[in-house]
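Asker: This one is start22.cif, mmCIF, C-alpha atoms.
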data_start
#
loop_
_atom_site.label_atom_id
_atom_site.label_comp_id
_atom_site.auth_asym_id
_atom_site.auth_seq_id
_atom_site.Cartn_x
_atom_site.Cartn_y
_atom_site.Cartn_z
CA MET A 23 84.89 -46.87 107.04
CA ALA A 24 81.95 -46.30 104.78
CA HIS A 25 80.62 -42.92 103.55
CA ASP A 26 77.26 -42.13 102.07
CA GLU A 27 77.86 -40.43 98.76
CA ALA A 28 75.93 -37.19 98.45
CA GLY A 29 76.08 -34.68 95.57
CA PHE A 30 78.74 -34.77 92.86
CA SER A 31 82.46 -34.93 93.18
CA LEU A 32 84.64 -32.53 91.20
CA PRO A 33 85.86 -35.14 88.70
CA GLU A 34 82.27 -36.22 88.14
CA LEU A 35 81.32 -32.63 87.41
CA LEU A 36 84.37 -32.15 85.20
CA ALA A 37 83.35 -35.17 83.21
CA ALA A 38 79.62 -34.50 83.19
CA LEU A 39 79.67 -30.81 82.23
CA PRO A 40 81.50 -31.24 78.88
CA LEU A 41 79.22 -34.15 78.10
CA LEU A 42 76.22 -32.01 78.94
CA LEU A 43 77.56 -29.19 76.79
CA LEU A 44 78.17 -31.59 73.95
CA LEU A 45 74.70 -33.04 74.26
CA GLY A 46 73.12 -29.58 74.47
CA PHE A 47 75.07 -28.42 71.44
CA ALA A 48 74.00 -31.50 69.49
CA MET A 49 70.35 -31.02 70.48
CA LEU A 50 70.48 -27.35 69.48
CA ASN A 51 71.96 -28.32 66.13
CA VAL A 52 69.26 -30.89 65.55
CA PHE A 53 66.59 -28.39 66.54
CA GLY A 54 68.12 -25.77 64.22
CA MET A 55 68.27 -28.28 61.41
CA GLY A 56 64.64 -29.25 61.97
CA SER A 57 63.63 -25.62 62.05
CA LYS A 58 65.50 -24.93 58.80
CA TYR A 59 63.94 -27.91 57.06
CA HIS A 60 60.52 -26.82 58.22
CA ARG A 61 61.11 -23.30 56.93
CA ASP A 62 62.36 -24.69 53.61
CA PHE A 63 59.30 -26.91 53.43
CA LEU A 64 56.98 -23.95 53.97
CA GLY A 65 58.98 -21.89 51.48
CA ASP A 66 58.74 -24.58 48.80
CA TRP A 67 55.04 -24.95 49.53
CA GLU A 68 54.66 -21.20 49.07
CA LEU A 69 56.62 -21.43 45.80
CA LEU A 70 54.21 -24.06 44.46
CA GLN A 71 51.24 -21.90 45.37
CA GLN A 72 52.74 -18.74 43.87
CA VAL A 73 53.24 -20.52 40.55
CA ARG A 74 50.16 -22.74 40.56
CA PHE A 75 47.56 -20.23 41.66
CA PRO A 76 47.97 -17.63 38.86
CA MET A 77 48.14 -20.46 36.31
CA GLU A 78 44.89 -21.99 37.58
CA GLU A 79 43.21 -18.60 37.71
CA ILE A 80 44.21 -17.76 34.12
CA ALA A 81 43.27 -21.27 32.93
CA LYS A 82 39.81 -20.93 34.47
CA ASP A 83 39.20 -17.55 32.84
CA VAL A 84 40.54 -18.68 29.46
CA ARG A 85 38.44 -21.85 29.45
CA TYR A 86 35.21 -19.89 29.69
CA CYS A 87 36.19 -16.81 27.72
CA GLY A 88 34.77 -15.61 24.46
CA GLU A 89 37.74 -13.66 23.18
CA MET A 90 41.35 -12.90 24.07
CA ARG A 91 43.98 -10.42 23.06
CA LEU A 92 47.51 -9.68 24.12
CA GLU A 93 49.10 -6.24 24.39
CA ARG A 94 52.49 -4.94 25.41
CA PRO A 95 51.89 -1.32 26.44
CA TYR A 96 55.41 -1.08 27.89
CA GLY A 97 58.56 -3.09 27.48
CA ASP A 98 58.24 -4.48 30.97
CA MET A 99 54.56 -5.25 30.89
CA THR A 100 52.39 -7.74 29.03
CA VAL A 101 48.63 -7.57 29.38
CA LEU A 102 46.39 -10.50 28.59
CA TYR A 103 42.80 -9.38 28.02
CA ILE A 104 40.17 -12.06 28.44
CA LYS A 105 36.57 -11.26 27.61
CA ARG A 106 34.15 -12.64 30.12
CA HIS A 107 31.75 -14.96 28.38
CA TYR A 108 28.66 -13.88 30.25
CA LEU A 109 28.93 -10.14 29.60
CA THR A 110 26.94 -8.63 26.77
CA PRO A 111 27.94 -5.79 24.44
CA SER A 112 25.90 -3.41 26.55
CA ASP A 113 28.35 -4.15 29.38
CA ALA A 114 31.27 -2.99 27.26
CA ALA A 115 31.57 0.24 29.21
CA SER A 116 32.21 -1.69 32.38
CA GLU A 117 35.85 -1.89 33.35
CA ASN A 118 35.28 -5.57 34.05
CA TYR A 119 34.21 -6.29 30.48
CA TRP A 120 37.73 -7.57 29.98
CA GLN A 121 39.65 -9.50 32.59
CA ARG A 122 43.09 -7.95 32.60
CA TYR A 123 46.09 -10.02 33.60
CA LYS A 124 49.21 -7.91 33.80
CA PHE A 125 52.61 -9.59 33.80
CA ILE A 126 54.90 -6.89 35.12
CA ARG A 127 58.66 -7.21 35.02
CA ARG A 128 60.00 -5.43 38.09
CA GLY A 129 63.64 -6.35 37.80
CA GLU A 130 66.07 -9.01 36.74
CA GLU A 131 64.17 -12.30 37.02
CA ASP A 132 61.45 -10.74 39.13
CA TYR A 133 57.89 -10.61 37.88
CA TRP A 134 54.58 -9.66 39.42
CA ILE A 135 51.10 -10.61 38.25
CA THR A 136 47.92 -8.64 38.76
CA LYS A 137 44.36 -9.34 37.76
CA ASN A 138 42.13 -6.32 37.18
CA ASP A 139 44.73 -4.22 39.00
CA GLN A 140 44.62 -6.41 42.07
CA PRO A 141 47.63 -8.59 42.89
CA VAL A 142 47.08 -12.25 42.18
CA LEU A 143 49.92 -13.17 44.51
CA GLY A 144 50.51 -12.39 48.14
CA ARG A 145 53.75 -11.63 49.86
CA THR A 146 55.20 -14.09 52.31
CA ALA A 147 57.49 -13.39 55.22
CA ILE A 148 58.64 -17.02 55.37
CA THR A 149 61.14 -16.78 52.58
CA ASP A 150 61.99 -14.90 49.41
CA ILE A 151 59.94 -16.25 46.52
CA ARG A 152 60.43 -14.75 43.08
CA LEU A 153 58.72 -15.38 39.80
CA ASN A 154 61.74 -15.45 37.51
CA ARG A 155 59.86 -16.10 34.27
CA CYS A 156 56.40 -15.09 33.13
CA GLU A 157 55.58 -15.45 29.48
CA CYS A 158 52.35 -15.29 27.57
CA GLN A 159 51.90 -15.99 23.88
CA LEU A 160 48.68 -15.95 21.90
CA LEU A 161 48.89 -18.91 19.52
CA ALA A 162 45.48 -18.71 17.87
CA ASP A 163 41.92 -17.67 18.62
CA GLY A 164 41.07 -19.26 21.93
CA LYS A 165 44.54 -20.71 22.44
CA VAL A 166 47.21 -19.19 24.59
CA ARG A 167 50.51 -20.49 25.94
CA VAL A 168 51.43 -19.39 29.46
CA LEU A 169 54.70 -20.05 31.24
CA ILE A 170 55.22 -19.21 34.90
CA SER A 171 58.37 -20.15 36.72
CA GLY A 172 59.37 -19.33 40.28
CA ILE A 173 62.33 -19.80 42.55
CA ASN A 174 62.72 -20.04 46.30
CA MET A 175 65.75 -17.82 46.85
CA ALA A 176 66.52 -19.42 50.23
CA THR A 177 66.91 -22.93 48.84
CA GLY A 178 67.43 -22.29 45.13
CA HIS A 179 64.56 -24.66 44.44
CA SER A 180 62.63 -23.77 41.29
CA PHE A 181 59.24 -24.81 39.99
CA ARG A 182 57.90 -24.19 36.52
CA LEU A 183 54.55 -24.67 34.87
CA GLU A 184 54.05 -24.31 31.16
CA ARG A 185 50.61 -24.80 29.75
CA THR A 186 48.68 -24.30 26.57
CA LEU A 187 45.27 -23.07 27.58
CA TYR A 188 42.19 -23.45 25.42
CA SER A 189 38.92 -21.63 25.40
CA TYR A 190 35.95 -23.89 24.92
CA GLY A 191 34.29 -20.96 23.24
CA TYR A 192 31.31 -20.46 25.47
CA GLY A 193 29.89 -17.08 24.62
CA MET A 194 31.86 -16.79 21.42
CA GLU A 195 28.68 -15.59 19.77
CA PRO A 196 27.97 -12.09 21.09
CA ALA A 197 24.69 -11.89 22.94
CA ARG A 198 21.98 -10.14 20.96
CA GLU A 199 20.07 -7.22 22.38
CA SER A 200 16.85 -9.21 21.86
CA ASP A 201 18.24 -11.96 24.12
CA GLU A 202 18.77 -9.44 26.84
CA ASP A 203 15.25 -8.08 26.45
CA GLY A 204 13.81 -11.59 26.48
CA MET B 11 88.70 -45.29 85.18
CA TRP B 12 88.06 -41.94 86.84
CA LYS B 13 85.15 -43.52 88.73
CA LYS B 14 87.49 -46.15 90.26
CA LEU B 15 89.70 -43.40 91.70
CA LEU B 16 86.76 -41.87 93.50
CA LEU B 17 86.15 -45.01 95.44
CA ILE B 18 89.50 -45.00 97.22
CA GLN B 19 89.77 -42.82 100.32
CA SER B 20 93.04 -41.59 101.82
CA ASP B 21 92.64 -43.96 104.77
CA GLY B 22 92.16 -46.91 102.46
CA SER B 23 88.45 -47.30 103.09
CA GLU B 24 85.91 -47.35 100.30
CA TRP B 25 82.88 -45.16 99.65
CA ARG B 26 79.53 -46.79 99.51
CA ARG B 27 77.50 -45.37 96.71
CA ALA B 28 74.03 -44.34 97.76
CA GLU B 29 72.35 -44.23 94.36
CA THR B 30 70.06 -47.18 93.70
CA GLY B 31 67.15 -47.79 91.42
CA TYR B 32 67.58 -44.95 88.93
CA PHE B 33 69.32 -46.71 86.10
CA PHE B 34 66.18 -48.06 84.42
CA LEU B 35 64.53 -44.65 84.47
CA ASP B 36 67.68 -43.06 83.09
CA VAL B 37 67.65 -45.52 80.20
CA LEU B 38 63.93 -44.91 79.70
CA GLY B 39 64.50 -41.13 79.57
CA GLY B 40 67.35 -41.56 77.13
CA ALA B 41 65.25 -43.85 74.95
CA ALA B 42 62.39 -41.33 75.00
CA ALA B 43 64.75 -38.53 73.92
CA ALA B 44 66.20 -40.71 71.14
CA ALA B 45 62.69 -41.67 69.99
CA ALA B 46 61.65 -38.00 69.91
CA LEU B 47 64.73 -37.19 67.84
CA ALA B 48 64.08 -40.06 65.42
CA ALA B 49 60.43 -39.02 65.11
CA SER B 50 61.44 -35.42 64.32
CA LEU B 51 63.84 -36.55 61.61
CA ALA B 52 61.24 -38.93 60.18
CA TYR B 53 58.67 -36.12 60.16
CA ILE B 54 61.07 -33.84 58.29
CA ASN B 55 61.76 -36.60 55.79
CA VAL B 56 58.03 -37.17 55.26
CA GLN B 57 57.48 -33.44 54.75
CA LEU B 58 60.24 -33.19 52.15
CA SER B 59 59.00 -36.31 50.34
CA TYR B 60 55.47 -34.96 50.38
CA MET B 61 56.61 -31.68 48.84
CA ASP B 62 58.49 -33.47 46.05
CA ASP B 63 55.51 -35.71 45.36
CA LEU B 64 53.16 -32.74 45.35
CA GLU B 65 55.26 -31.06 42.67
CA GLY B 66 54.91 -34.15 40.53
CA SER B 67 51.15 -34.31 41.06
CA ILE B 68 50.55 -30.65 40.25
CA THR B 69 52.68 -30.86 37.12
CA ALA B 70 50.97 -34.08 36.02
CA ALA B 71 47.47 -32.65 36.57
CA GLY B 72 48.15 -29.61 34.38
CA MET B 73 49.85 -31.68 31.71
CA ALA B 74 47.02 -34.21 31.44
CA ARG B 75 44.36 -31.50 31.29
CA ASP B 76 46.28 -29.66 28.55
CA GLN B 77 46.61 -32.84 26.55
CA LEU B 78 42.90 -33.62 26.90
CA ASP B 79 41.97 -30.08 25.82
CA ARG B 80 44.30 -30.36 22.85
CA LEU B 81 42.69 -33.64 21.78
CA CYS B 82 39.13 -32.43 22.25
CA ILE B 83 39.61 -29.12 20.45
CA GLU B 84 42.29 -29.67 17.83
CA LYS B 85 41.41 -33.33 17.16
CA GLN B 86 44.81 -34.12 15.66
CA ALA B 87 45.59 -37.79 15.15
CA GLY B 88 49.25 -37.08 15.86
CA ASP B 89 48.41 -36.21 19.46
CA LEU B 90 47.11 -39.73 20.07
CA GLY B 91 49.40 -42.47 21.31
CA VAL B 92 52.28 -42.30 23.74
CA HIS B 93 54.24 -39.15 24.46
CA CYS B 94 57.03 -38.74 27.01
CA VAL B 95 57.61 -35.34 28.57
CA GLU B 96 60.03 -34.17 31.24
CA ALA B 97 59.14 -31.35 33.62
CA ASN B 98 60.17 -30.27 37.11
CA GLY B 99 62.54 -33.20 37.43
CA TYR B 100 59.98 -35.86 36.58
CA ALA B 101 59.55 -38.00 33.47
CA PHE B 102 55.90 -38.25 32.50
CA ARG B 103 54.42 -40.75 30.09
CA LEU B 104 51.17 -39.65 28.47
CA THR B 105 49.00 -42.19 26.73
CA SER B 106 46.16 -40.69 24.69
CA THR B 107 43.39 -42.82 23.26
CA LYS B 108 40.24 -42.23 21.29
CA ALA B 109 37.05 -44.32 21.34
CA SER B 110 33.39 -43.99 20.49
CA GLY B 111 31.37 -42.18 23.10
CA GLU B 112 28.27 -43.49 24.79
CA LEU B 113 26.06 -41.02 23.00
CA TRP B 114 25.58 -41.12 19.25
CA ASP B 115 28.04 -39.03 17.27
CA THR B 116 30.41 -38.46 20.17
CA ILE B 117 34.03 -39.35 20.70
CA ARG B 118 35.59 -40.19 24.02
CA TYR B 119 39.15 -39.06 24.48
CA GLN B 120 41.19 -40.39 27.37
CA VAL B 121 44.54 -39.31 28.68
CA GLU B 122 46.44 -41.48 31.10
CA ILE B 123 49.55 -40.10 32.73
CA GLU B 124 52.21 -42.06 34.61
CA TRP B 125 55.26 -40.96 36.51
CA GLN B 126 57.64 -42.22 39.16
CA ASP B 127 58.00 -40.43 42.48
CA ARG B 128 59.41 -41.37 45.88
CA ARG B 129 56.37 -43.39 46.81
CA GLY B 130 56.41 -45.44 43.64
CA ARG B 131 54.75 -45.43 40.25
CA GLN B 132 51.84 -43.00 40.11
CA HIS B 133 49.17 -42.72 37.46
CA PHE B 134 45.72 -41.37 36.79
CA ALA B 135 43.48 -40.97 33.80
CA ILE B 136 40.94 -38.38 32.73
CA GLN B 137 38.49 -38.61 29.88
CA LYS B 138 35.95 -36.49 28.11
CA GLU B 139 33.30 -36.98 25.46
CA VAL B 140 32.88 -34.43 22.71
CA GLY B 141 30.99 -34.20 19.44
CA ASP B 142 33.11 -35.49 16.59
CA GLY B 143 32.54 -32.29 14.62
CA ALA B 144 32.47 -34.12 11.31
#
Now that the file is in, can you turn its structure into structure tokens?

Answerer:
Amino acid sequence: MAHDEAGFSLPELLAALPLLLLLGFAMLNVFGMGSKYHRDFLGDWELLQQVRFPMEEIAKDVRYCGEMRLERPYGDMTVLYIKRHYLTPSDAASENYWQRYKFIRRGEEDYWITKNDQPVLGRTAITDIRLNRCECQLLADGKVRVLISGINMATGHSFRLERTLYSYGYGMEPARESDEDG
Amino acid sequence: MWKKLLLIQSDGSEWRRAETGYFFLDVLGGAAAAAALAASLAYINVQLSYMDDLEGSITAAGMARDQLDRLCIEKQAGDLGVHCVEANGYAFRLTSTKASGELWDTIRYQVEIEWQDRRGRQHFAIQKEVGDGA
């Protein structure tokens, strides 16, 4: 006597369900792993930007500056003043006569950088990025050493840039009043 | 083994299985799922490699520009030649050279930087002409 087989028998289900669970669990794990790697990737990308961007911004301003000075008004703050090359002495009253980079130490291995009182860096919700070292040292006229180092707290991955920045001295000679009149 | 048991009925007769023609599609589906998984893992690997390589490139770019600035402004003979520097897990080799510029009374400085990353040996060179300031 022959029977058409329809549906699943109990042993088939008993065998298939654990396999299905196992497969589902494995797929979820793979998906979770992929998601974590992607988040880490974005976090490390963010870390690079958080370190690179202030360095590039400072390098650009230093390259075309006429004068620099460094002050430490408080123990936890270093201010790098960079005189804009295109401003004349008559602009000295302007608050933008000097570019002001503030390296503010907010806690243990946690720094923040502002430019003219505006934050240079943004906050990210992807992961916890911290600048764990920010140092600035004036070596000579038109020569400054800047170190910025950051860490992605989620992965422990760190990235550090250390550069000696030079001014090419454009605008080192103060503009004369007669030049402005002319 | 469990499948064999299903085929035996209490009266001794056998079941005739009704499923036909699905096996190839099942294999195809399985292969598609495996390919998707492999592609995801490969994509992750590419992303992570790219990030590592990007770190090397950014570090190299800053280092070469610093070296060129140093040569052009400080003009120290000791900065010429080969220098090896390690940063962000990479070993960089900087080769600085000096030659006469195209214009009269100018010097051309060149910095070539090399480093090894996951994709292989990378290098680039930048150069600049400045007055010799003599």

Asker: What are the residues of chain A lining chain B at 10 Å or less? Count only C-alpha atoms, and put the answer as a VMD selection string.

Answerer: chain A and resid 23 to 28 31 to 34 37 49 52 to 53 55 to 60 62 to 64 66 to 67 70 74 77 to 78 81 85 165 180 to 190

Asker: Excluding region 138-148 of chain A and residues on its chain fewer than 4 positions from it, collect all residues at most 12 Å away from it, counting only C-alpha atoms, and give them as a PyMOL selection string.

Answerer: chain A and resi 57-58+60-80+101-104+116-126+133-134+152-153+174-176

Asker: For C-alpha atoms, I'd like the residues from the last selection saved as a PDB file, in the frame of the given file.

Answerer:
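So the final result, stored in out.pdb, reads:
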ATOM      1  CA  SER A  57      63.630 -25.620  62.050  1.00  0.00           C
ATOM      2  CA  LYS A  58      65.500 -24.930  58.800  1.00  0.00           C
ATOM      3  CA  HIS A  60      60.520 -26.820  58.220  1.00  0.00           C
ATOM      4  CA  ARG A  61      61.110 -23.300  56.930  1.00  0.00           C
ATOM      5  CA  ASP A  62      62.360 -24.690  53.610  1.00  0.00           C
ATOM      6  CA  PHE A  63      59.300 -26.910  53.430  1.00  0.00           C
ATOM      7  CA  LEU A  64      56.980 -23.950  53.970  1.00  0.00           C
ATOM      8  CA  GLY A  65      58.980 -21.890  51.480  1.00  0.00           C
ATOM      9  CA  ASP A  66      58.740 -24.580  48.800  1.00  0.00           C
ATOM     10  CA  TRP A  67      55.040 -24.950  49.530  1.00  0.00           C
ATOM     11  CA  GLU A  68      54.660 -21.200  49.070  1.00  0.00           C
ATOM     12  CA  LEU A  69      56.620 -21.430  45.800  1.00  0.00           C
ATOM     13  CA  LEU A  70      54.210 -24.060  44.460  1.00  0.00           C
ATOM     14  CA  GLN A  71      51.240 -21.900  45.370  1.00  0.00           C
ATOM     15  CA  GLN A  72      52.740 -18.740  43.870  1.00  0.00           C
ATOM     16  CA  VAL A  73      53.240 -20.520  40.550  1.00  0.00           C
ATOM     17  CA  ARG A  74      50.160 -22.740  40.560  1.00  0.00           C
ATOM     18  CA  PHE A  75      47.560 -20.230  41.660  1.00  0.00           C
ATOM     19  CA  PRO A  76      47.970 -17.630  38.860  1.00  0.00           C
ATOM     20  CA  MET A  77      48.140 -20.460  36.310  1.00  0.00           C
ATOM     21  CA  GLU A  78      44.890 -21.990  37.580  1.00  0.00           C
ATOM     22  CA  GLU A  79      43.210 -18.600  37.710  1.00  0.00           C
ATOM     23  CA  ILE A  80      44.210 -17.760  34.120  1.00  0.00           C
ATOM     24  CA  VAL A 101      48.630  -7.570  29.380  1.00  0.00           C
ATOM     25  CA  LEU A 102      46.390 -10.500  28.590  1.00  0.00           C
ATOM     26  CA  TYR A 103      42.800  -9.380  28.020  1.00  0.00           C
ATOM     27  CA  ILE A 104      40.170 -12.060  28.440  1.00  0.00           C
ATOM     28  CA  SER A 116      32.210  -1.690  32.380  1.00  0.00           C
ATOM     29  CA  GLU A 117      35.850  -1.890  33.350  1.00  0.00           C
ATOM     30  CA  ASN A 118      35.280  -5.570  34.050  1.00  0.00           C
ATOM     31  CA  TYR A 119      34.210  -6.290  30.480  1.00  0.00           C
ATOM     32  CA  TRP A 120      37.730  -7.570  29.980  1.00  0.00           C
ATOM     33  CA  GLN A 121      39.650  -9.500  32.590  1.00  0.00           C
ATOM     34  CA  ARG A 122      43.090  -7.950  32.600  1.00  0.00           C
ATOM     35  CA  TYR A 123      46.090 -10.020  33.600  1.00  0.00           C
ATOM     36  CA  LYS A 124      49.210  -7.910  33.800  1.00  0.00           C
ATOM     37  CA  PHE A 125      52.610  -9.590  33.800  1.00  0.00           C
ATOM     38  CA  ILE A 126      54.900  -6.890  35.120  1.00  0.00           C
ATOM     39  CA  TYR A 133      57.890 -10.610  37.880  1.00  0.00           C
ATOM     40  CA  TRP A 134      54.580  -9.660  39.420  1.00  0.00           C
ATOM     41  CA  ARG A 152      60.430 -14.750  43.080  1.00  0.00           C
ATOM     42  CA  LEU A 153      58.720 -15.380  39.800  1.00  0.00           C
ATOM     43  CA  ASN A 174      62.720 -20.040  46.300  1.00  0.00           C
ATOM     44  CA  MET A 175      65.750 -17.820  46.850  1.00  0.00           C
ATOM     45  CA  ALA A 176      66.520 -19.420  50.230  1.00  0.00           C
TER      46      ALA A 176
END

Asker: Please, what distance in Å, to one decimal, runs between CA of Glu124 (chain B) and CA of Thr105 (chain B)?

Answerer: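 So the answer is 8.5 Å.
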
Asker: For this file, the PyMOL selection byres ((chain B and resi 93) around 10) selects which residues, as a PDB file with C-alpha atoms, keeping the file's coordinate frame?

Answerer:
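After the write, expr-v7.pdb holds the following:
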ATOM      1  CA  ASP B  89      48.410 -36.210  19.460  1.00  0.00           C
ATOM      2  CA  LEU B  90      47.110 -39.730  20.070  1.00  0.00           C
ATOM      3  CA  GLY B  91      49.400 -42.470  21.310  1.00  0.00           C
ATOM      4  CA  VAL B  92      52.280 -42.300  23.740  1.00  0.00           C
ATOM      5  CA  CYS B  94      57.030 -38.740  27.010  1.00  0.00           C
ATOM      6  CA  VAL B  95      57.610 -35.340  28.570  1.00  0.00           C
ATOM      7  CA  PHE B 102      55.900 -38.250  32.500  1.00  0.00           C
ATOM      8  CA  ARG B 103      54.420 -40.750  30.090  1.00  0.00           C
ATOM      9  CA  LEU B 104      51.170 -39.650  28.470  1.00  0.00           C
ATOM     10  CA  THR B 105      49.000 -42.190  26.730  1.00  0.00           C
ATOM     11  CA  SER B 106      46.160 -40.690  24.690  1.00  0.00           C
ATOM     12  CA  ILE B 123      49.550 -40.100  32.730  1.00  0.00           C
TER      13      ILE B 123
END

Asker: Here's the selection I'm unsure about, the PyMOL selection byres ((chain B and resi 117) around 8); applied to the file above, which residues does it give, as a list in words?

Answerer: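 Output of the PyMOL selection byres ((chain B and resi 117) around 8): Lys108, Ala109, Ser110, Gly111, Asp115, Thr116, Arg118, Tyr119, Glu139, Val140, Gly141 and Asp142 of chain B.
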
Asker: How far is it from CA of Ala48 (chain B) to CA of Asp63 (chain B), in Å with one decimal?

Answerer: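 CA of Asp63 (chain B) lies at a distance of 22.2 Å from CA of Ala48 (chain B).
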
Asker: One number please: CA of Leu78 (chain B) to CA of Tyr86 (chain A), in Å, one decimal.

Answerer: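 That distance, rounded to one decimal, is 16.0 Å.
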
Asker: Give, as lines of an AutoDock Vina configuration file, the centre coordinates and the x, y and z edge lengths in Å to one decimal for an axis-aligned box around all listed atoms of region 35-46 of chain B, padded by 4 Å on each side.

Answerer:
center_x = 64.7
center_y = -41.8
center_z = 77.2
size_x = 14.0
size_y = 15.5
size_z = 22.6

Asker: Check the smallest atom-to-atom distance from each of B:Leu81, B:Ala46, B:Ala52, B:Ala101 to Gly66 (chain B) using only C-alpha atoms, then report the winner.

Answerer: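 Counting only C-alpha atoms, the residue closest to Gly66 (chain B) is B:Ala101.
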